[in-house]
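Novice: Mind having a look at this structure? Questions to follow.
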Amino acid sequence: MLFWGVNNGIARTSWIRNDEAVFAIKREVERNPNLKVTLPNIVDENLK
């Protein structure tokens, strides 16, 4: 349960545009095929 809880926290942090969290959760998804995470789509802030 701890594994999933930690990764859930990292995923939630990635959704608020934390670059290190995005990197960490992408790396963990590559290492563990059982981990399914919806990654954020970062948009260009200059778009209106």
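In the structure tokens, the first chain shown is A, the next is B, and so on; residue numbers restart at 1 for each chain, and ligands run from 1 in the order shown.
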Quick one: DSSP alpha helix (DSSP H) residues in chain A, as number ranges by chain?
Specialist: A: 2-14, 19-31
Novice: Contacts of Thr38 (chain A) at 10 Å or less, counting only C-alpha atoms, minus same-chain residues fewer than 4 places along, as a PDB file with N, CA and C atoms, in the first residue's frame?
Specialist:
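As a result, selection.pdb now contains:
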```pdb
ATOM      1  N   ALA A  11       2.072  11.714  -8.297  1.00  0.00           N
ATOM      2  CA  ALA A  11       1.186  12.012  -9.427  1.00  0.00           C
ATOM      3  C   ALA A  11       0.389  13.283  -9.163  1.00  0.00           C
ATOM      4  N   ARG A  12      -0.154  13.416  -7.965  1.00  0.00           N
ATOM      5  CA  ARG A  12      -0.928  14.616  -7.626  1.00  0.00           C
ATOM      6  C   ARG A  12      -0.061  15.861  -7.702  1.00  0.00           C
ATOM      7  N   SER A  14       2.519  16.203  -9.650  1.00  0.00           N
ATOM      8  CA  SER A  14       2.800  16.465 -11.067  1.00  0.00           C
ATOM      9  C   SER A  14       1.648  17.217 -11.721  1.00  0.00           C
ATOM     10  N   TRP A  15       0.430  17.012 -11.248  1.00  0.00           N
ATOM     11  CA  TRP A  15      -0.733  17.683 -11.838  1.00  0.00           C
ATOM     12  C   TRP A  15      -0.738  19.174 -11.547  1.00  0.00           C
ATOM     13  N   ILE A  25       7.373  10.649 -11.764  1.00  0.00           N
ATOM     14  CA  ILE A  25       6.271   9.724 -12.020  1.00  0.00           C
ATOM     15  C   ILE A  25       6.417   9.085 -13.394  1.00  0.00           C
TER      16      ILE A  25
END
```
Novice: How far is it from CA of Leu47 (chain A) to CA of Ala24 (chain A), in Å with one decimal?
Specialist: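 Going from CA of Leu47 (chain A) over to CA of Ala24 (chain A), I get 27.0 Å.
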Novice: Kindly give the distance, in Å, that separates CA of Val43 (chain A) and CA of Asn18 (chain A), rounded to a single decimal.
Specialist: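 Going from CA of Val43 (chain A) over to CA of Asn18 (chain A), I get 13.5 Å.
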Novice: For Asn7 (chain A), find every residue with an atom within 10 Å (counting only C-alpha atoms), except residues of its own chain fewer than 6 positions away, and show them as a list in words.
Specialist: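 Close residues of Asn7 (chain A): Thr13, Ala21, Ala24, Ile25, Glu28, Val29, Leu35 and Val37 of chain A.
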Novice: May I have the selected residues written with N, CA and C atoms, as a JSON list (two decimals), in the first residue's frame?
Specialist:
```json
[["chain", "number", "residue", "atom", "x", "y", "z"],
["A", 13, "THR", "N", 1.18, 15.75, -7.27],
["A", 13, "THR", "CA", 2.10, 16.88, -7.35],
["A", 13, "THR", "C", 2.44, 17.21, -8.80],
["A", 21, "ALA", "N", 8.29, 16.34, -10.10],
["A", 21, "ALA", "CA", 7.29, 15.29, -9.89],
["A", 21, "ALA", "C", 6.89, 14.64, -11.21],
["A", 24, "ALA", "N", 9.67, 12.31, -12.05],
["A", 24, "ALA", "CA", 9.69, 11.14, -11.17],
["A", 24, "ALA", "C", 8.57, 10.15, -11.50],
["A", 25, "ILE", "N", 7.37, 10.65, -11.76],
["A", 25, "ILE", "CA", 6.27, 9.72, -12.02],
["A", 25, "ILE", "C", 6.42, 9.08, -13.39],
["A", 28, "GLU", "N", 8.87, 6.28, -12.90],
["A", 28, "GLU", "CA", 8.29, 5.15, -12.16],
["A", 28, "GLU", "C", 7.32, 4.36, -13.03],
["A", 29, "VAL", "N", 6.56, 5.03, -13.89],
["A", 29, "VAL", "CA", 5.65, 4.34, -14.80],
["A", 29, "VAL", "C", 6.44, 3.45, -15.76],
["A", 35, "LEU", "N", 1.70, 0.21, -12.86],
["A", 35, "LEU", "CA", 1.34, 1.55, -12.40],
["A", 35, "LEU", "C", 0.74, 2.33, -13.56],
["A", 37, "VAL", "N", -0.94, 5.90, -14.57],
["A", 37, "VAL", "CA", -1.07, 7.27, -14.10],
["A", 37, "VAL", "C", -1.49, 8.16, -15.27]]
```
Novice: Using only C-alpha atoms, can you tell me which of A:Ile10, A:Val22, A:Arg27, A:Phe3 comes closest to Leu39 (chain A)?
Specialist: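 The answer is A:Val22, which sits nearest to Leu39 (chain A).
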Novice: Take CA of Arg17 (chain A) and CA of Pro33 (chain A) and report the distance between them in Å, one decimal.
Specialist: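 Computed distance, CA of Arg17 (chain A) to CA of Pro33 (chain A), equals 23.2 Å.
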